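File shown: protein_1.pdb. Contents: PDB, C-alpha atoms.
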ATOM      1  CA  MET A  30     -24.700  26.303 -12.022
ATOM      2  CA  THR A  31     -25.614  23.458  -9.738
ATOM      3  CA  VAL A  32     -23.881  21.832  -6.803
ATOM      4  CA  PHE A  33     -25.232  18.295  -6.466
ATOM      5  CA  SER A  34     -23.839  17.026  -3.193
ATOM      6  CA  LEU A  35     -21.113  17.143  -0.561
ATOM      7  CA  VAL A  36     -19.291  14.228   1.050
ATOM      8  CA  ILE A  37     -16.757  14.506   3.873
ATOM      9  CA  ILE A  38     -14.363  11.617   4.518
ATOM     10  CA  ASN A  39     -12.216  11.417   7.666
ATOM     11  CA  LYS A  40      -8.517  10.559   7.627
ATOM     12  CA  ALA A  41      -9.220   6.848   8.078
ATOM     13  CA  GLY A  42     -11.503   6.661   5.032
ATOM     14  CA  GLY A  43     -14.798   6.688   6.936
ATOM     15  CA  LEU A  44     -17.803   8.671   5.760
ATOM     16  CA  ILE A  45     -18.576  11.399   8.308
ATOM     17  CA  TYR A  46     -20.920  13.679   6.349
ATOM     18  CA  ASN A  47     -23.098  13.321   3.285
ATOM     19  CA  LYS A  48     -25.639  15.811   2.000
ATOM     20  CA  THR A  49     -27.536  16.094  -1.296
ATOM     21  CA  PHE A  50     -28.489  19.610  -2.358
ATOM     22  CA  HIS A  51     -30.085  18.988  -5.726
ATOM     23  CA  GLU A  52     -32.354  16.074  -6.566
ATOM     24  CA  GLY A  53     -31.980  14.532  -9.998
ATOM     25  CA  GLY A  54     -28.329  15.414 -10.525
ATOM     26  CA  LEU A  55     -26.865  12.161  -9.291
ATOM     27  CA  ASN A  56     -28.425   8.753  -8.846
ATOM     28  CA  LYS A  57     -29.927   8.117  -5.416
ATOM     29  CA  ILE A  58     -27.778   5.562  -3.626
ATOM     30  CA  SER A  59     -28.154   4.196  -0.110
ATOM     31  CA  THR A  60     -26.091   5.354   2.866
ATOM     32  CA  ASN A  61     -24.401   1.975   2.860
ATOM     33  CA  ASP A  62     -23.302   2.542  -0.750
ATOM     34  CA  TYR A  63     -22.002   5.974   0.232
ATOM     35  CA  LEU A  64     -19.916   4.344   2.971
ATOM     36  CA  VAL A  65     -18.453   1.923   0.421
ATOM     37  CA  LEU A  66     -17.839   4.778  -2.007
ATOM     38  CA  ALA A  67     -16.005   6.804   0.656
ATOM     39  CA  GLY A  68     -13.750   3.882   1.542
ATOM     40  CA  THR A  69     -13.021   3.117  -2.111
ATOM     41  CA  PHE A  70     -12.240   6.719  -2.902
ATOM     42  CA  HIS A  71      -9.877   6.916   0.079
ATOM     43  CA  GLY A  72      -7.857   4.034  -1.356
ATOM     44  CA  VAL A  73      -7.937   5.354  -4.907
ATOM     45  CA  HIS A  74      -6.744   8.746  -3.677
ATOM     46  CA  ALA A  75      -3.697   7.140  -2.056
ATOM     47  CA  ILE A  76      -2.895   5.216  -5.263
ATOM     48  CA  THR A  77      -3.237   8.290  -7.492
ATOM     49  CA  ALA A  78      -0.632  10.055  -5.344
ATOM     50  CA  ARG A  79       1.739   7.096  -5.814
ATOM     51  CA  LEU A  80       1.289   6.980  -9.594
ATOM     52  CA  ASN A  81       2.977  10.354 -10.066
ATOM     53  CA  PRO A  82       5.218   9.999 -13.173
ATOM     54  CA  ILE A  83       7.483  12.849 -12.063
ATOM     55  CA  LYS A  84       9.487  11.885  -8.999
ATOM     56  CA  PRO A  85       9.299  14.756  -6.501
ATOM     57  CA  VAL A  86      12.748  16.360  -6.143
ATOM     58  CA  ALA A  87      13.814  18.057  -2.909
ATOM     59  CA  GLN A  88      14.773  21.716  -3.152
ATOM     60  CA  PRO A  89      18.590  21.819  -2.985
ATOM     61  CA  PRO A  90      19.907  23.806   0.011
ATOM     62  CA  ALA A  91      21.136  27.349  -0.624
ATOM     63  CA  PRO A  92      24.689  27.267  -2.037
ATOM     64  CA  GLY A  93      27.329  27.750   0.632
ATOM     65  CA  SER A  94      25.131  26.675   3.538
ATOM     66  CA  ASN A  95      25.828  23.346   5.225
ATOM     67  CA  GLU A  96      22.194  22.296   5.471
ATOM     68  CA  LEU A  97      20.975  18.920   4.355
ATOM     69  CA  PRO A  98      18.557  18.953   1.446
ATOM     70  CA  GLY A  99      14.956  19.219   2.627
ATOM     71  CA  ARG A 100      12.202  16.709   2.075
ATOM     72  CA  PRO A 101      10.515  16.886  -1.319
ATOM     73  CA  GLU A 102       6.927  18.117  -1.479
ATOM     74  CA  PRO A 103       4.701  15.053  -1.274
ATOM     75  CA  SER A 104       2.736  14.508  -4.475
ATOM     76  CA  SER A 105      -0.930  15.364  -4.199
ATOM     77  CA  GLY A 106      -3.586  12.796  -4.928
ATOM     78  CA  LEU A 107      -6.641  13.132  -7.140
ATOM     79  CA  GLU A 108      -7.958  16.711  -7.229
ATOM     80  CA  VAL A 109     -10.570  16.839  -9.996
ATOM     81  CA  MET A 110     -12.414  13.978 -11.650
ATOM     82  CA  GLU A 111     -14.519  14.469 -14.771
ATOM     83  CA  THR A 112     -17.189  12.213 -16.205
ATOM     84  CA  GLU A 113     -19.869  12.793 -18.837
ATOM     85  CA  ASN A 114     -22.566  13.639 -16.291
ATOM     86  CA  PHE A 115     -20.781  15.296 -13.381
ATOM     87  CA  ARG A 116     -17.545  16.732 -12.076
ATOM     88  CA  MET A 117     -16.042  15.968  -8.694
ATOM     89  CA  GLN A 118     -13.575  18.176  -6.887
ATOM     90  CA  CYS A 119     -11.600  16.799  -3.953
ATOM     91  CA  PHE A 120      -9.988  18.984  -1.319
ATOM     92  CA  ASN A 121      -7.571  17.193   0.983
ATOM     93  CA  THR A 122      -6.789  19.105   4.198
ATOM     94  CA  LEU A 123      -3.384  18.940   5.872
ATOM     95  CA  THR A 124      -4.787  16.515   8.424
ATOM     96  CA  GLY A 125      -6.127  14.155   5.756
ATOM     97  CA  THR A 126      -9.834  14.999   5.869
ATOM     98  CA  LYS A 127     -11.280  14.962   2.354
ATOM     99  CA  PHE A 128     -14.080  17.178   1.063
ATOM    100  CA  LEU A 129     -15.708  15.896  -2.112
ATOM    101  CA  LEU A 130     -18.001  18.253  -3.977
ATOM    102  CA  PHE A 131     -20.093  16.886  -6.843
ATOM    103  CA  THR A 132     -21.182  19.539  -9.351
ATOM    104  CA  GLU A 133     -22.322  20.004 -12.926
ATOM    105  CA  THR A 134     -19.636  19.446 -15.554
ATOM    106  CA  THR A 135     -19.555  23.149 -16.433
ATOM    107  CA  GLN A 136     -19.287  24.462 -12.854
ATOM    108  CA  THR A 137     -16.598  27.087 -12.310
ATOM    109  CA  ASN A 138     -14.804  28.358  -9.193
ATOM    110  CA  VAL A 139     -15.356  25.104  -7.341
ATOM    111  CA  ASP A 140     -12.107  25.530  -5.398
ATOM    112  CA  VAL A 141     -13.460  28.780  -3.928
ATOM    113  CA  THR A 142     -16.697  27.040  -2.940
ATOM    114  CA  ILE A 143     -14.878  24.124  -1.374
ATOM    115  CA  LYS A 144     -12.545  26.418   0.632
ATOM    116  CA  ARG A 145     -15.611  28.276   1.904
ATOM    117  CA  ILE A 146     -17.160  24.960   2.973
ATOM    118  CA  TYR A 147     -13.902  24.156   4.773
ATOM    119  CA  ASP A 148     -14.226  27.512   6.580
ATOM    120  CA  LEU A 149     -17.757  26.592   7.653
ATOM    121  CA  TYR A 150     -16.465  23.190   8.829
ATOM    122  CA  ALA A 151     -13.705  24.845  10.851
ATOM    123  CA  ASP A 152     -16.093  27.370  12.390
ATOM    124  CA  TYR A 153     -19.145  25.249  13.162
ATOM    125  CA  VAL A 154     -17.844  21.688  13.491
ATOM    126  CA  MET A 155     -14.306  21.948  14.845
ATOM    127  CA  LYS A 156     -15.234  24.723  17.271
ATOM    128  CA  ASN A 157     -18.235  22.801  18.565
ATOM    129  CA  PRO A 158     -17.190  21.497  22.014
ATOM    130  CA  PHE A 159     -19.616  18.565  21.763
ATOM    131  CA  TYR A 160     -18.198  17.239  18.494
ATOM    132  CA  SER A 161     -15.886  14.231  18.857
ATOM    133  CA  LEU A 162     -13.147  14.036  16.247
ATOM    134  CA  GLU A 163     -13.425  11.614  13.300
ATOM    135  CA  MET A 164     -17.066  10.891  14.138
ATOM    136  CA  PRO A 165     -20.137  11.586  11.970
ATOM    137  CA  ILE A 166     -20.983  15.284  11.880
ATOM    138  CA  ARG A 167     -24.311  16.131  13.500
ATOM    139  CA  CYS A 168     -24.246  19.877  13.973
ATOM    140  CA  ASP A 169     -27.458  21.799  13.253
ATOM    141  CA  ILE A 170     -25.786  25.122  12.729
ATOM    142  CA  PHE A 171     -23.276  23.656  10.240
ATOM    143  CA  ASP A 172     -26.187  22.137   8.284
ATOM    144  CA  ARG A 173     -28.053  25.440   8.241
ATOM    145  CA  LYS A 174     -25.075  27.577   7.182
ATOM    146  CA  LEU A 175     -24.018  25.073   4.519
ATOM    147  CA  LEU A 176     -27.521  24.811   3.096
ATOM    148  CA  SER A 177     -27.970  28.574   2.848
ATOM    149  CA  TYR A 178     -24.523  28.974   1.229
ATOM    150  CA  ILE A 179     -25.147  26.273  -1.391
ATOM    151  CA  ARG A 180     -28.666  27.538  -2.081
ATOM    152  CA  GLU A 181     -27.159  30.927  -2.850
ATOM    153  CA  ILE A 182     -24.817  29.303  -5.431
ATOM    154  CA  ASN A 183     -27.491  27.091  -6.972
ATOM    155  CA  ASN A 184     -29.859  30.038  -7.445
ATOM    156  CA  ARG A 185     -27.236  32.237  -9.074
TER     157      ARG A 185
ATOM    158  CA  MET B   2       2.134  19.589 -23.496
ATOM    159  CA  ALA B   3       3.870  16.358 -22.525
ATOM    160  CA  VAL B   4       2.702  12.766 -22.656
ATOM    161  CA  TYR B   5       4.255  10.497 -20.007
ATOM    162  CA  THR B   6       2.756   7.052 -20.398
ATOM    163  CA  PHE B   7       0.187   5.193 -22.465
ATOM    164  CA  TYR B   8      -1.537   1.918 -21.534
ATOM    165  CA  ILE B   9      -3.983  -0.443 -23.242
ATOM    166  CA  PHE B  10      -5.957  -2.960 -21.160
ATOM    167  CA  ASP B  11      -7.939  -5.763 -22.782
ATOM    168  CA  ARG B  12     -11.345  -7.080 -21.684
ATOM    169  CA  HIS B  13      -9.694  -9.595 -19.379
ATOM    170  CA  THR B  14      -8.202  -6.625 -17.466
ATOM    171  CA  GLU B  15      -4.717  -7.579 -18.639
ATOM    172  CA  CYS B  16      -2.311  -4.820 -19.612
ATOM    173  CA  VAL B  17      -1.494  -5.665 -23.246
ATOM    174  CA  TYR B  18       0.524  -2.589 -24.172
ATOM    175  CA  VAL B  19       2.644   0.022 -22.335
ATOM    176  CA  LYS B  20       4.696   2.827 -23.775
ATOM    177  CA  SER B  21       6.553   5.587 -21.923
ATOM    178  CA  TRP B  22       8.014   8.845 -23.114
ATOM    179  CA  THR B  23      10.697  10.243 -20.840
ATOM    180  CA  PRO B  24       9.332  13.003 -18.638
ATOM    181  CA  PRO B  25      11.226  16.296 -18.648
ATOM    182  CA  THR B  26      13.466  17.102 -15.688
ATOM    183  CA  GLN B  27      11.789  19.411 -13.211
ATOM    184  CA  ALA B  28      14.180  22.299 -12.700
ATOM    185  CA  ALA B  29      17.611  23.145 -13.995
ATOM    186  CA  GLY B  30      20.237  22.195 -11.414
ATOM    187  CA  ALA B  31      18.060  19.560  -9.770
ATOM    188  CA  SER B  32      19.075  15.970 -10.363
ATOM    189  CA  PRO B  33      17.236  14.473 -13.329
ATOM    190  CA  ALA B  34      13.893  13.029 -12.276
ATOM    191  CA  PRO B  35      13.952   9.265 -12.834
ATOM    192  CA  ALA B  36      10.932   8.009 -14.720
ATOM    193  CA  ILE B  37       8.848   5.452 -12.907
ATOM    194  CA  SER B  38       9.477   2.013 -14.248
ATOM    195  CA  ALA B  39       6.814   0.992 -16.700
ATOM    196  CA  GLY B  40       6.734  -2.239 -14.762
ATOM    197  CA  SER B  41       3.689  -4.394 -14.357
ATOM    198  CA  ASP B  42       3.050  -3.089 -10.833
ATOM    199  CA  ASP B  43       2.320   0.399 -12.092
ATOM    200  CA  ALA B  44       0.034  -0.958 -14.775
ATOM    201  CA  LYS B  45      -1.895  -2.851 -12.101
ATOM    202  CA  LEU B  46      -2.241   0.288  -9.996
ATOM    203  CA  VAL B  47      -3.429   2.280 -13.028
ATOM    204  CA  PHE B  48      -5.981  -0.369 -13.883
ATOM    205  CA  GLY B  49      -7.263  -0.544 -10.307
ATOM    206  CA  THR B  50      -7.670   3.213 -10.215
ATOM    207  CA  VAL B  51      -9.552   3.590 -13.500
ATOM    208  CA  PHE B  52     -11.695   0.544 -12.740
ATOM    209  CA  SER B  53     -12.778   1.935  -9.357
ATOM    210  CA  LEU B  54     -13.387   5.427 -10.714
ATOM    211  CA  ARG B  55     -15.349   4.089 -13.678
ATOM    212  CA  ASN B  56     -17.603   2.093 -11.337
ATOM    213  CA  MET B  57     -18.002   5.125  -9.107
ATOM    214  CA  ALA B  58     -19.001   7.270 -12.108
ATOM    215  CA  ARG B  59     -21.547   4.665 -13.230
ATOM    216  CA  LYS B  60     -23.009   4.337  -9.758
ATOM    217  CA  LEU B  61     -23.489   8.072  -9.285
ATOM    218  CA  GLY B  62     -24.066   9.292 -12.823
ATOM    219  CA  GLY B  63     -26.212   6.447 -14.148
ATOM    220  CA  ASP B  64     -25.346   3.506 -16.374
ATOM    221  CA  ASP B  65     -24.761   5.690 -19.425
ATOM    222  CA  ASP B  66     -22.160   7.809 -17.617
ATOM    223  CA  ALA B  67     -18.514   7.429 -18.586
ATOM    224  CA  PHE B  68     -15.411   8.343 -16.635
ATOM    225  CA  ILE B  69     -13.308  10.771 -18.720
ATOM    226  CA  SER B  70     -10.294  11.968 -16.745
ATOM    227  CA  TYR B  71      -8.839  12.937 -13.406
ATOM    228  CA  ARG B  72      -6.172  15.439 -12.478
ATOM    229  CA  THR B  73      -3.784  15.671  -9.533
ATOM    230  CA  GLY B  74      -1.302  18.431  -8.761
ATOM    231  CA  GLN B  75       1.353  16.709 -10.907
ATOM    232  CA  TYR B  76      -0.303  14.826 -13.745
ATOM    233  CA  LYS B  77      -3.566  14.145 -15.559
ATOM    234  CA  LEU B  78      -4.937  10.735 -16.511
ATOM    235  CA  HIS B  79      -7.281  10.330 -19.496
ATOM    236  CA  PHE B  80      -9.507   7.324 -20.037
ATOM    237  CA  TYR B  81     -11.424   5.945 -22.997
ATOM    238  CA  GLU B  82     -13.319   2.670 -23.085
ATOM    239  CA  THR B  83     -14.608   1.018 -26.251
ATOM    240  CA  PRO B  84     -17.918  -0.913 -26.273
ATOM    241  CA  ALA B  85     -15.888  -4.151 -26.225
ATOM    242  CA  ASN B  86     -14.306  -3.144 -22.886
ATOM    243  CA  LEU B  87     -10.948  -2.338 -24.407
ATOM    244  CA  ARG B  88      -9.530   0.452 -22.239
ATOM    245  CA  PHE B  89      -7.095   3.149 -23.326
ATOM    246  CA  VAL B  90      -5.308   5.193 -20.655
ATOM    247  CA  MET B  91      -2.968   8.121 -21.196
ATOM    248  CA  ILE B  92      -1.017  10.018 -18.538
ATOM    249  CA  THR B  93      -0.035  13.571 -19.478
ATOM    250  CA  ASP B  94       0.962  16.786 -17.738
ATOM    251  CA  THR B  95      -1.737  18.820 -15.988
ATOM    252  CA  ALA B  96      -1.966  21.529 -18.665
ATOM    253  CA  SER B  97      -3.293  19.301 -21.430
ATOM    254  CA  ALA B  98      -6.907  19.590 -22.554
ATOM    255  CA  SER B  99      -9.271  16.635 -22.895
ATOM    256  CA  MET B 100      -7.548  13.784 -24.744
ATOM    257  CA  ARG B 101     -10.660  11.673 -25.174
ATOM    258  CA  ASN B 102     -10.826  12.290 -28.919
ATOM    259  CA  VAL B 103      -7.100  11.576 -29.199
ATOM    260  CA  LEU B 104      -7.578   8.188 -27.543
ATOM    261  CA  HIS B 105     -10.547   7.593 -29.829
ATOM    262  CA  GLN B 106      -8.370   8.433 -32.847
ATOM    263  CA  ILE B 107      -5.695   5.994 -31.638
ATOM    264  CA  TYR B 108      -8.379   3.329 -31.422
ATOM    265  CA  ILE B 109      -9.770   4.027 -34.914
ATOM    266  CA  ASN B 110      -6.653   4.863 -36.873
ATOM    267  CA  LEU B 111      -4.028   2.669 -35.197
ATOM    268  CA  TRP B 112      -5.628  -0.135 -33.223
ATOM    269  CA  VAL B 113      -8.284  -1.092 -35.754
ATOM    270  CA  GLU B 114      -6.030  -0.523 -38.777
ATOM    271  CA  TYR B 115      -2.819  -2.198 -37.606
ATOM    272  CA  VAL B 116      -3.897  -4.701 -34.940
ATOM    273  CA  VAL B 117      -7.469  -5.771 -35.679
ATOM    274  CA  LYS B 118      -6.986  -5.854 -39.453
ATOM    275  CA  ASN B 119      -3.642  -7.644 -39.171
ATOM    276  CA  PRO B 120      -4.264 -11.241 -40.293
ATOM    277  CA  LEU B 121      -1.281 -12.442 -38.256
ATOM    278  CA  ALA B 122      -2.501 -10.977 -34.955
ATOM    279  CA  PRO B 123      -4.447 -13.312 -32.667
ATOM    280  CA  VAL B 124      -7.983 -12.477 -31.481
ATOM    281  CA  GLU B 125      -6.910 -12.339 -27.841
ATOM    282  CA  HIS B 126      -3.699 -10.435 -27.228
ATOM    283  CA  LYS B 127      -2.380 -12.480 -24.337
ATOM    284  CA  GLY B 128       0.865 -10.932 -23.111
ATOM    285  CA  GLY B 129       0.629  -8.309 -25.816
ATOM    286  CA  ALA B 130       0.840 -10.731 -28.737
ATOM    287  CA  GLY B 131       0.188  -9.134 -32.107
ATOM    288  CA  ILE B 132       0.294  -5.536 -30.876
ATOM    289  CA  LYS B 133       4.003  -4.808 -30.921
ATOM    290  CA  ASN B 134       4.206  -4.693 -34.700
ATOM    291  CA  GLU B 135       6.236  -2.060 -36.474
ATOM    292  CA  LEU B 136       3.316  -0.177 -38.056
ATOM    293  CA  PHE B 137       1.429   0.237 -34.781
ATOM    294  CA  GLU B 138       4.520   1.184 -32.771
ATOM    295  CA  ARG B 139       5.717   3.724 -35.324
ATOM    296  CA  GLY B 140       2.255   5.161 -35.936
ATOM    297  CA  LEU B 141       1.683   5.649 -32.200
ATOM    298  CA  ASP B 142       5.089   7.210 -31.614
ATOM    299  CA  GLN B 143       4.653   9.640 -34.521
ATOM    300  CA  PHE B 144       1.128  10.542 -33.431
ATOM    301  CA  ILE B 145       2.165  11.269 -29.827
ATOM    302  CA  ARG B 146       5.331  13.148 -30.777
ATOM    303  CA  GLY B 147       3.280  15.205 -33.214
ATOM    304  CA  MET B 148       1.153  16.429 -30.315
ATOM    305  CA  MET B 149       4.045  17.215 -27.959
TER     306      MET B 149
END
Hey, can you dump this file as C-alpha cells for me?
Amino acid sequence: MTVFSLVIINKAGGLIYNKTFHEGGLNKISTNDYLVLAGTFHGVHAITARLNPIKPVAQPPAPGSNELPGRPEPSSGLEVMETENFRMQCFNTLTGTKFLLFTETTQTNVDVTIKRIYDLYADYVMKNPFYSLEMPIRCDIFDRKLLSYIREINNR
Amino acid sequence: MAVYTFYIFDRHTECVYVKSWTPPTQAAGASPAPAISAGSDDAKLVFGTVFSLRNMARKLGGDDDAFISYRTGQYKLHFYETPANLRFVMITDTASASMRNVLHQIYINLWVEYVVKNPLAPVEHKGGAGIKNELFERGLDQFIRGMM
C-alpha cells in the first residue's frame, strides 16, 4: 500500500500543488515538467468528457406537471487511469479543481483517501485568510496534516 | 458488458479502422440515446487522448511503462500498443474488466491472420486499405458479440 504523490490543478489548468511522498515509485521529473503535465492533463480531461459514447439524457419532468425537462447531468471526465507501473485517480471538484493521486496499481479505497485530502484542502487551504485563490498552495499546516495522513496510509 | 467502439491507429497516427456497436438506450421512456458519429473527428480526439496519456505514463512510470486503460463515470477506454506502434483502442461500459488480453487476441488472431498474411493487402494501410476484408470484419464482429 503506497501513495506515490499528489498533484493539485486549478480550474485553469495550472499546477498549484505537487508533493512526492514515496521516492522510487515514479520517475523524478522537474517542476517544469510537472507544469506541462498538469496543463496536458487538464486538456485531456476535457476531451475525455466529450468522448462519452452515451449521450446524456435529461430526466423527463414528472408526468402531469408543466415543467420543462431539466438539463442532463454533464458527463464526467477521466476518473481512474491505469498503467503497468502505477494507478492515477482524479477527483474533480464542483469548481473545477482537480486532485490527482498517484498510487500503486493494487491500491484500494483511493476515493476515500482523495476525499479526505479534499477535506484537508478545504480546512487548511480554503480557510486560510492569507491564501489567494488559484495560486500555488504554500500553507505549512496543510503540508504537515497531509504528510502525517499519507504516512499513516503508507505504513499500514 | 457492452462494447461501444473499436479503433485501430497505424504507426503514422492515422485511424485505419473504426467499428461501432450501437449503445443501449439509457432508461425506458427516455428518448433513445443517439450514438456519437464514428466520424473522423472523434477518432482524432481518441488518438490525441491516448497519445497524451501514453506519454504521461512513460514520463512518470519509466520507459518500460505502458498505458492500459482509463475510466470515466460513463465509459472505459482500453489501449494496447504493439511493438510496431500499431495501436488498438476499445471503448466499453464502465463495468468491464481489463480488455488488454482481448485486444492482444484481436491483434494475434485477426489482424495478423487476415490482414498481415493477406497477400492482397498493402504494407501501409492508407485510408484503411486492405483491412475491410470480409474475414477480418466477420471475425471481429463475431468475437465482440461473443463477449457481449
For chain A versus chain B, which residues have an atom no more than 6 Å away, and what is each residue's nearest atom pair and distance in Å rounded to one decimal, using all atoms listed in the file, chain-then-number order, as a Markdown table?
| residue | atom | partner | partner_atom | distance |
| --- | --- | --- | --- | --- |
| A:Leu55 | CA | B:Leu61 | CA | 5.3 |
| A:Asn56 | CA | B:Leu61 | CA | 5.0 |
| A:Val73 | CA | B:Thr50 | CA | 5.7 |
| A:Pro82 | CA | B:Ile37 | CA | 5.8 |
| A:Lys84 | CA | B:Ala34 | CA | 5.6 |
| A:Ser105 | CA | B:Gly74 | CA | 5.5 |
| A:Gly106 | CA | B:Thr73 | CA | 5.4 |
| A:Leu107 | CA | B:Thr73 | CA | 4.5 |
| A:Glu108 | CA | B:Thr73 | CA | 4.9 |
| A:Val109 | CA | B:Arg72 | CA | 5.2 |
| A:Met110 | CA | B:Tyr71 | CA | 4.1 |
| A:Glu111 | CA | B:Ser70 | CA | 5.3 |
| A:Thr112 | CA | B:Phe68 | CA | 4.3 |
| A:Glu113 | CA | B:Ala67 | CA | 5.5 |
| A:Asn114 | CA | B:Gly62 | CA | 5.8 |
Original post:
How many Å separate CA of Glu114 in chain B from CA of Ala98 in chain B?
Top reply: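 Separating CA of Glu114 in chain B from CA of Ala98 in chain B is a distance of 25.9 Å.
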Expand the PyMOL selection byres ((chain B and resi 106) around 12) into the individual residues it matches in the shown file, reporting them as an mmCIF file with C-alpha atoms, in the frame of the given file.
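Result written to out-v4.cif:
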data_model
loop_
_atom_site.group_PDB
_atom_site.id
_atom_site.type_symbol
_atom_site.label_atom_id
_atom_site.label_comp_id
_atom_site.auth_asym_id
_atom_site.auth_seq_id
_atom_site.Cartn_x
_atom_site.Cartn_y
_atom_site.Cartn_z
ATOM 1 C CA TYR B 81 -11.424 5.945 -22.997
ATOM 2 C CA THR B 83 -14.608 1.018 -26.251
ATOM 3 C CA PHE B 89 -7.095 3.149 -23.326
ATOM 4 C CA MET B 100 -7.548 13.784 -24.744
ATOM 5 C CA ARG B 101 -10.660 11.673 -25.174
ATOM 6 C CA ASN B 102 -10.826 12.290 -28.919
ATOM 7 C CA VAL B 103 -7.100 11.576 -29.199
ATOM 8 C CA LEU B 104 -7.578 8.188 -27.543
ATOM 9 C CA HIS B 105 -10.547 7.593 -29.829
ATOM 10 C CA ILE B 107 -5.695 5.994 -31.638
ATOM 11 C CA TYR B 108 -8.379 3.329 -31.422
ATOM 12 C CA ILE B 109 -9.770 4.027 -34.914
ATOM 13 C CA ASN B 110 -6.653 4.863 -36.873
ATOM 14 C CA LEU B 111 -4.028 2.669 -35.197
ATOM 15 C CA TRP B 112 -5.628 -0.135 -33.223
ATOM 16 C CA VAL B 113 -8.284 -1.092 -35.754
ATOM 17 C CA GLU B 114 -6.030 -0.523 -38.777
ATOM 18 C CA GLY B 140 2.255 5.161 -35.936
ATOM 19 C CA LEU B 141 1.683 5.649 -32.200
ATOM 20 C CA PHE B 144 1.128 10.542 -33.431
ATOM 21 C CA ILE B 145 2.165 11.269 -29.827
#
Original post:
Do you know which residues the PyMOL selection byres ((chain A and resi 35-47) around 6) returns on this file, as a VMD selection string?
Top reply: chain A and resid 34 48 64 67 to 68 71 125 to 130 163 165 to 166
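The coordinates place CA of Arg79 in chain A at 27.9 Å from CA of Lys133 in chain B.
Nearest residue to Ala87 in chain A among A:Ser161, A:Ser104, A:Asn183, A:Gln136 is A:Ser104, counting all atoms listed in the file.
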Subject >> Nearest-residue call for Ser177 in chain A, choices A:Leu149, A:Thr137, A:Asn121, A:Gly54, using all atoms listed in the file >> reply: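 Once distances to Ser177 in chain A are computed over all atoms listed in the file, the minimum belongs to A:Leu149.
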Original post:
Can you list, as a list in words, every protein, DNA or RNA residue that comes within 12 Å of Gln143 in chain B when you count only C-alpha atoms, leaving out same-chain residues fewer than 6 positions away?
Top reply: Trp22, Ile107, Leu111, Glu135, Leu136, Phe137 and Met149 of chain B
All heavy atoms restored at range 95-99 of chain B, emitted as a PDB file, in the coordinates of the input:
ATOM      1  N   THR B  95      -0.440  18.289 -16.438  1.00  0.00           N
ATOM      2  CA  THR B  95      -1.737  18.820 -15.988  1.00  0.00           C
ATOM      3  C   THR B  95      -2.321  19.845 -16.949  1.00  0.00           C
ATOM      4  O   THR B  95      -3.512  20.115 -16.902  1.00  0.00           O
ATOM      5  CB  THR B  95      -1.585  19.489 -14.615  1.00  0.00           C
ATOM      6  OG1 THR B  95      -0.526  20.438 -14.697  1.00  0.00           O
ATOM      7  CG2 THR B  95      -1.274  18.479 -13.556  1.00  0.00           C
ATOM      8  N   ALA B  96      -1.487  20.430 -17.822  1.00  0.00           N
ATOM      9  CA  ALA B  96      -1.966  21.529 -18.665  1.00  0.00           C
ATOM     10  C   ALA B  96      -2.736  21.040 -19.885  1.00  0.00           C
ATOM     11  O   ALA B  96      -3.370  21.851 -20.560  1.00  0.00           O
ATOM     12  CB  ALA B  96      -0.786  22.378 -19.111  1.00  0.00           C
ATOM     13  N   SER B  97      -2.688  19.761 -20.182  1.00  0.00           N
ATOM     14  CA  SER B  97      -3.293  19.301 -21.430  1.00  0.00           C
ATOM     15  C   SER B  97      -4.822  19.313 -21.349  1.00  0.00           C
ATOM     16  O   SER B  97      -5.404  19.080 -20.301  1.00  0.00           O
ATOM     17  CB  SER B  97      -2.805  17.904 -21.766  1.00  0.00           C
ATOM     18  OG  SER B  97      -3.304  17.002 -20.821  1.00  0.00           O
ATOM     19  N   ALA B  98      -5.447  19.583 -22.483  1.00  0.00           N
ATOM     20  CA  ALA B  98      -6.907  19.590 -22.554  1.00  0.00           C
ATOM     21  C   ALA B  98      -7.413  18.147 -22.634  1.00  0.00           C
ATOM     22  O   ALA B  98      -6.625  17.210 -22.529  1.00  0.00           O
ATOM     23  CB  ALA B  98      -7.348  20.381 -23.765  1.00  0.00           C
ATOM     24  N   SER B  99      -8.701  17.983 -22.840  1.00  0.00           N
ATOM     25  CA  SER B  99      -9.271  16.635 -22.895  1.00  0.00           C
ATOM     26  C   SER B  99      -8.656  15.835 -24.043  1.00  0.00           C
ATOM     27  O   SER B  99      -8.564  16.306 -25.166  1.00  0.00           O
ATOM     28  CB  SER B  99     -10.777  16.714 -23.083  1.00  0.00           C
ATOM     29  OG  SER B  99     -11.291  15.416 -23.251  1.00  0.00           O
TER      30      SER B  99
END
